[in-house]
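Read the structure below first, then the notes.
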Amino acid sequence: MDEHIPVLLDEVIAGLNIKSNGTYVDLTVGRGGHSSEILKRLKEGHLICVDQDEEAIEASADRLNKIGSNFTVIRANFSALDELLSNQSIDQVDGILMDLGVSSPQFDKGERGFSYNSDARLDMRMDQRQSLTAYTIVNTYSLEDLTKIFQTYGEEKYSYSIAKNIIKSRELAPIETTFQLVEIIKRSKPMKELKKVGHPAKQVFQALRIAVNDELNVLRKAIKDVTTFLRRGGGRIAIITFHSGEDKIVKKIFQELAISQGSRIDI
């Protein structure tokens, strides 16, 4: 198994201030990069690992088993944290980690449909048990809804033009693949935009992924839930964000919590 280097590993470990007998939760275990370093520091403590991606669950369990046995891996969306911890008879934890967005292995596996660099069926589901896919959104959502998704989740300057050309294209035939969508996006932008650094489809693909997995709504619920489980007087939460939409939500909710609870939460 290729071991992808986890983002901000040293900063996360330092921020969580891990106690050897503590209880910790990694809500986005991925391939176990962060979790493996947390588990190495736990003696009498326990680690709960959560992910909705079946391949991630299998890969992380294999990696963690080489370190110790004091961990539990659960396949679920982290929006169900309250239920997950209650099922484990846990009412307080010492630290929680959320590494948001899509993982490198999901991008690397072209057939998952996350990447604009690989030709595959439009999918983008983190949990492949769910029914909603990028194909469904691209081929059935209205002009207004597509424009809103691209603007809100991708901050795409040419959202309306792209959405309009998607509607025109799908009237002739369904838009099946990532490369078909990339070509539509390129046709929708002026040449000056196509010459800029960065892939022209990046923002639309980000927006579709967020919409497919309802990422921002899940994030809002999860942050409020996780803070109720943090141990008073020392519990830590580390959240890694990758775009402004996530960042704004995290900061806003934490500011509200700090005011309402009179507490400090380390991010």
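Chain lettering (A, B, ...) mirrors the order of the structure tokens, residue numbering begins at 1 for each chain separately, and ligand numbering begins at 1 in order of display.
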For region 169-213 of chain A against region 121-137 of chain A, with a cut-off of 9 Å and counting only C-alpha atoms, what is the closest atom pair and its distance in Å to one decimal for every residue that makes the cut, ordered by chain and number, as a tab-separated table?
```
residue	atom	partner	partner_atom	distance
A:Pro174	CA	A:Tyr135	CA	8.8
A:Ile175	CA	A:Tyr135	CA	7.3
A:Glu176	CA	A:Arg121	CA	5.7
A:Thr177	CA	A:Arg121	CA	4.2
A:Thr178	CA	A:Leu122	CA	5.5
A:Phe179	CA	A:Arg121	CA	8.9
A:Leu181	CA	A:Leu122	CA	8.6
A:Phe205	CA	A:Met124	CA	8.9
A:Leu208	CA	A:Ala134	CA	6.2
A:Arg209	CA	A:Met124	CA	5.6
A:Ile210	CA	A:Met124	CA	9.0
A:Ala211	CA	A:Ala134	CA	8.2
A:Val212	CA	A:Thr133	CA	5.8
A:Asn213	CA	A:Arg125	CA	6.3
```
Next, the residues of the selection above should be written as a PDB file, in the first residue's frame with N, CA, C and O atoms.
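Below is the file part.pdb, written as the result:
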```
ATOM      1  N   PRO A 174     -26.604  12.415 -22.861  1.00  0.00           N
ATOM      2  CA  PRO A 174     -26.162  12.529 -21.474  1.00  0.00           C
ATOM      3  C   PRO A 174     -24.659  12.816 -21.390  1.00  0.00           C
ATOM      4  O   PRO A 174     -23.878  12.359 -22.224  1.00  0.00           O
ATOM      5  N   ILE A 175     -24.284  13.566 -20.387  1.00  0.00           N
ATOM      6  CA  ILE A 175     -22.870  13.836 -20.119  1.00  0.00           C
ATOM      7  C   ILE A 175     -22.385  12.735 -19.173  1.00  0.00           C
ATOM      8  O   ILE A 175     -22.724  12.732 -17.986  1.00  0.00           O
ATOM      9  N   GLU A 176     -21.616  11.815 -19.709  1.00  0.00           N
ATOM     10  CA  GLU A 176     -21.288  10.592 -18.976  1.00  0.00           C
ATOM     11  C   GLU A 176     -19.998  10.678 -18.161  1.00  0.00           C
ATOM     12  O   GLU A 176     -19.916  10.117 -17.072  1.00  0.00           O
ATOM     13  N   THR A 177     -18.990  11.355 -18.700  1.00  0.00           N
ATOM     14  CA  THR A 177     -17.653  11.226 -18.126  1.00  0.00           C
ATOM     15  C   THR A 177     -17.044  12.559 -17.687  1.00  0.00           C
ATOM     16  O   THR A 177     -17.503  13.635 -18.077  1.00  0.00           O
ATOM     17  N   THR A 178     -15.977  12.421 -16.923  1.00  0.00           N
ATOM     18  CA  THR A 178     -15.247  13.597 -16.441  1.00  0.00           C
ATOM     19  C   THR A 178     -14.672  14.403 -17.596  1.00  0.00           C
ATOM     20  O   THR A 178     -14.727  15.631 -17.588  1.00  0.00           O
ATOM     21  N   PHE A 179     -14.101  13.733 -18.603  1.00  0.00           N
ATOM     22  CA  PHE A 179     -13.499  14.459 -19.720  1.00  0.00           C
ATOM     23  C   PHE A 179     -14.547  15.177 -20.568  1.00  0.00           C
ATOM     24  O   PHE A 179     -14.284  16.254 -21.106  1.00  0.00           O
ATOM     25  N   LEU A 181     -17.219  16.529 -19.349  1.00  0.00           N
ATOM     26  CA  LEU A 181     -17.519  17.723 -18.567  1.00  0.00           C
ATOM     27  C   LEU A 181     -16.393  18.746 -18.667  1.00  0.00           C
ATOM     28  O   LEU A 181     -16.647  19.952 -18.792  1.00  0.00           O
ATOM     29  N   PHE A 205     -15.316  21.021 -10.435  1.00  0.00           N
ATOM     30  CA  PHE A 205     -15.188  19.678  -9.870  1.00  0.00           C
ATOM     31  C   PHE A 205     -15.261  19.726  -8.344  1.00  0.00           C
ATOM     32  O   PHE A 205     -15.868  18.853  -7.716  1.00  0.00           O
ATOM     33  N   LEU A 208     -18.972  20.246  -7.455  1.00  0.00           N
ATOM     34  CA  LEU A 208     -19.770  19.023  -7.627  1.00  0.00           C
ATOM     35  C   LEU A 208     -19.499  18.029  -6.518  1.00  0.00           C
ATOM     36  O   LEU A 208     -20.421  17.396  -5.987  1.00  0.00           O
ATOM     37  N   ARG A 209     -18.233  17.872  -6.157  1.00  0.00           N
ATOM     38  CA  ARG A 209     -17.884  16.939  -5.078  1.00  0.00           C
ATOM     39  C   ARG A 209     -18.546  17.340  -3.763  1.00  0.00           C
ATOM     40  O   ARG A 209     -19.098  16.503  -3.039  1.00  0.00           O
ATOM     41  N   ILE A 210     -18.521  18.637  -3.462  1.00  0.00           N
ATOM     42  CA  ILE A 210     -19.148  19.120  -2.233  1.00  0.00           C
ATOM     43  C   ILE A 210     -20.649  18.883  -2.262  1.00  0.00           C
ATOM     44  O   ILE A 210     -21.254  18.462  -1.269  1.00  0.00           O
ATOM     45  N   ALA A 211     -21.274  19.118  -3.423  1.00  0.00           N
ATOM     46  CA  ALA A 211     -22.718  18.923  -3.555  1.00  0.00           C
ATOM     47  C   ALA A 211     -23.098  17.452  -3.453  1.00  0.00           C
ATOM     48  O   ALA A 211     -24.071  17.098  -2.774  1.00  0.00           O
ATOM     49  N   VAL A 212     -22.345  16.598  -4.119  1.00  0.00           N
ATOM     50  CA  VAL A 212     -22.634  15.158  -4.091  1.00  0.00           C
ATOM     51  C   VAL A 212     -22.605  14.627  -2.660  1.00  0.00           C
ATOM     52  O   VAL A 212     -23.478  13.861  -2.235  1.00  0.00           O
ATOM     53  N   ASN A 213     -21.613  15.059  -1.900  1.00  0.00           N
ATOM     54  CA  ASN A 213     -21.422  14.516  -0.551  1.00  0.00           C
ATOM     55  C   ASN A 213     -21.990  15.407   0.558  1.00  0.00           C
ATOM     56  O   ASN A 213     -21.815  15.095   1.741  1.00  0.00           O
TER      57      ASN A 213
END
```
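All residues of region 54-230 of chain A that DSSP, run on the backbone, classes as strand (DSSP E) are Phe71, Thr72, Val73, Ile74, Arg75, Gly95, Ile96, Leu97, Met98 and Asp99 of chain A.
Atom pair CA of Glu44 (chain A) / CA of Val29 (chain A) has a distance of 20.6 Å (rounded to one decimal).
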For this session: Would you list the contacts of region 34-41 of chain A as a PyMOL selection string, taking every protein, DNA or RNA residue within 10 Å and counting only C-alpha atoms, but skipping same-chain residues closer than 2 positions in sequence?
Result: chain A and resi 5-10+12-13+16-22+24-32+43-49+60-61+63-71+97+99
For this session: Quick one: everything within 12 Å of Asn165 (chain A), counting only C-alpha atoms, minus sequence neighbours fewer than 5 positions away in the same chain. Send it as a PyMOL selection string.
Result: chain A and resi 138-139+142-143+146-147+158-160+170-172+175+180-189
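Remark: for Asn117 (chain A), the closest of the candidate residues A:His243, A:Ala201, A:Gln52, A:Gly233 is A:Ala201 (distances computed over only C-alpha atoms).
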Exercise. Between A:Ala76, A:Leu100, A:Asp247, A:Gly33, which is the closest to Asp62 (chain A) once you count only C-alpha atoms?
Worked result: A:Gly33
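Using only C-alpha atoms, the protein and nucleic acid residues lying no more than 12 Å from Lys251 (chain A), apart from those fewer than 3 places from it along its own chain, are Leu219, Arg220, Ile223, Ile239, Ile240, Thr241, Ser244, Gly245, Glu246, Asp247, Lys248, Phe254, Gln255, Glu256, Leu257, Ala258, Ile265, Asp266 and Ile267 of chain A.
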Just the selected residues (N, CA and C atoms), exported as a PDB file, in the first residue's frame, please.
```
ATOM      1  N   LEU A 219     -20.571  19.231   7.657  1.00  0.00           N
ATOM      2  CA  LEU A 219     -19.565  19.890   8.490  1.00  0.00           C
ATOM      3  C   LEU A 219     -20.222  20.743   9.575  1.00  0.00           C
ATOM      4  N   ARG A 220     -21.236  21.518   9.199  1.00  0.00           N
ATOM      5  CA  ARG A 220     -21.919  22.372  10.187  1.00  0.00           C
ATOM      6  C   ARG A 220     -22.458  21.549  11.350  1.00  0.00           C
ATOM      7  N   ILE A 223     -19.442  19.796  13.556  1.00  0.00           N
ATOM      8  CA  ILE A 223     -18.680  20.648  14.476  1.00  0.00           C
ATOM      9  C   ILE A 223     -19.470  20.899  15.757  1.00  0.00           C
ATOM     10  N   ILE A 239      -8.941  20.768  13.161  1.00  0.00           N
ATOM     11  CA  ILE A 239      -9.681  20.721  11.906  1.00  0.00           C
ATOM     12  C   ILE A 239      -8.802  21.274  10.793  1.00  0.00           C
ATOM     13  N   ILE A 240      -8.607  20.486   9.747  1.00  0.00           N
ATOM     14  CA  ILE A 240      -7.827  20.913   8.587  1.00  0.00           C
ATOM     15  C   ILE A 240      -8.803  21.229   7.456  1.00  0.00           C
ATOM     16  N   THR A 241      -8.787  22.483   6.997  1.00  0.00           N
ATOM     17  CA  THR A 241      -9.667  22.887   5.905  1.00  0.00           C
ATOM     18  C   THR A 241      -8.838  23.152   4.648  1.00  0.00           C
ATOM     19  N   SER A 244     -12.157  28.058   1.146  1.00  0.00           N
ATOM     20  CA  SER A 244     -12.754  29.129   1.927  1.00  0.00           C
ATOM     21  C   SER A 244     -14.119  28.764   2.501  1.00  0.00           C
ATOM     22  N   GLY A 245     -14.894  27.935   1.778  1.00  0.00           N
ATOM     23  CA  GLY A 245     -16.213  27.547   2.272  1.00  0.00           C
ATOM     24  C   GLY A 245     -16.120  26.812   3.599  1.00  0.00           C
ATOM     25  N   GLU A 246     -15.207  25.846   3.673  1.00  0.00           N
ATOM     26  CA  GLU A 246     -14.994  25.113   4.919  1.00  0.00           C
ATOM     27  C   GLU A 246     -14.458  26.037   6.007  1.00  0.00           C
ATOM     28  N   ASP A 247     -13.489  26.848   5.639  1.00  0.00           N
ATOM     29  CA  ASP A 247     -12.825  27.723   6.606  1.00  0.00           C
ATOM     30  C   ASP A 247     -13.806  28.689   7.253  1.00  0.00           C
ATOM     31  N   LYS A 248     -14.684  29.267   6.459  1.00  0.00           N
ATOM     32  CA  LYS A 248     -15.660  30.223   6.982  1.00  0.00           C
ATOM     33  C   LYS A 248     -16.615  29.554   7.965  1.00  0.00           C
ATOM     34  N   PHE A 254     -17.107  28.262  15.576  1.00  0.00           N
ATOM     35  CA  PHE A 254     -16.245  28.310  16.751  1.00  0.00           C
ATOM     36  C   PHE A 254     -16.364  29.650  17.469  1.00  0.00           C
ATOM     37  N   GLN A 255     -16.530  30.724  16.721  1.00  0.00           N
ATOM     38  CA  GLN A 255     -16.737  32.026  17.354  1.00  0.00           C
ATOM     39  C   GLN A 255     -18.039  32.033  18.152  1.00  0.00           C
ATOM     40  N   GLU A 256     -19.078  31.441  17.558  1.00  0.00           N
ATOM     41  CA  GLU A 256     -20.371  31.370  18.248  1.00  0.00           C
ATOM     42  C   GLU A 256     -20.265  30.535  19.518  1.00  0.00           C
ATOM     43  N   LEU A 257     -19.552  29.410  19.442  1.00  0.00           N
ATOM     44  CA  LEU A 257     -19.396  28.539  20.602  1.00  0.00           C
ATOM     45  C   LEU A 257     -18.572  29.202  21.702  1.00  0.00           C
ATOM     46  N   ALA A 258     -17.535  29.911  21.286  1.00  0.00           N
ATOM     47  CA  ALA A 258     -16.684  30.584  22.272  1.00  0.00           C
ATOM     48  C   ALA A 258     -17.477  31.631  23.047  1.00  0.00           C
ATOM     49  N   ILE A 265     -11.362  26.825  22.226  1.00  0.00           N
ATOM     50  CA  ILE A 265     -11.133  25.573  21.505  1.00  0.00           C
ATOM     51  C   ILE A 265      -9.935  25.759  20.598  1.00  0.00           C
ATOM     52  N   ASP A 266      -8.933  24.908  20.726  1.00  0.00           N
ATOM     53  CA  ASP A 266      -7.729  25.004  19.903  1.00  0.00           C
ATOM     54  C   ASP A 266      -7.949  24.326  18.568  1.00  0.00           C
ATOM     55  N   ILE A 267      -7.650  25.041  17.489  1.00  0.00           N
ATOM     56  CA  ILE A 267      -7.819  24.491  16.142  1.00  0.00           C
ATOM     57  C   ILE A 267      -6.454  24.247  15.535  1.00  0.00           C
TER      58      ILE A 267
END
```
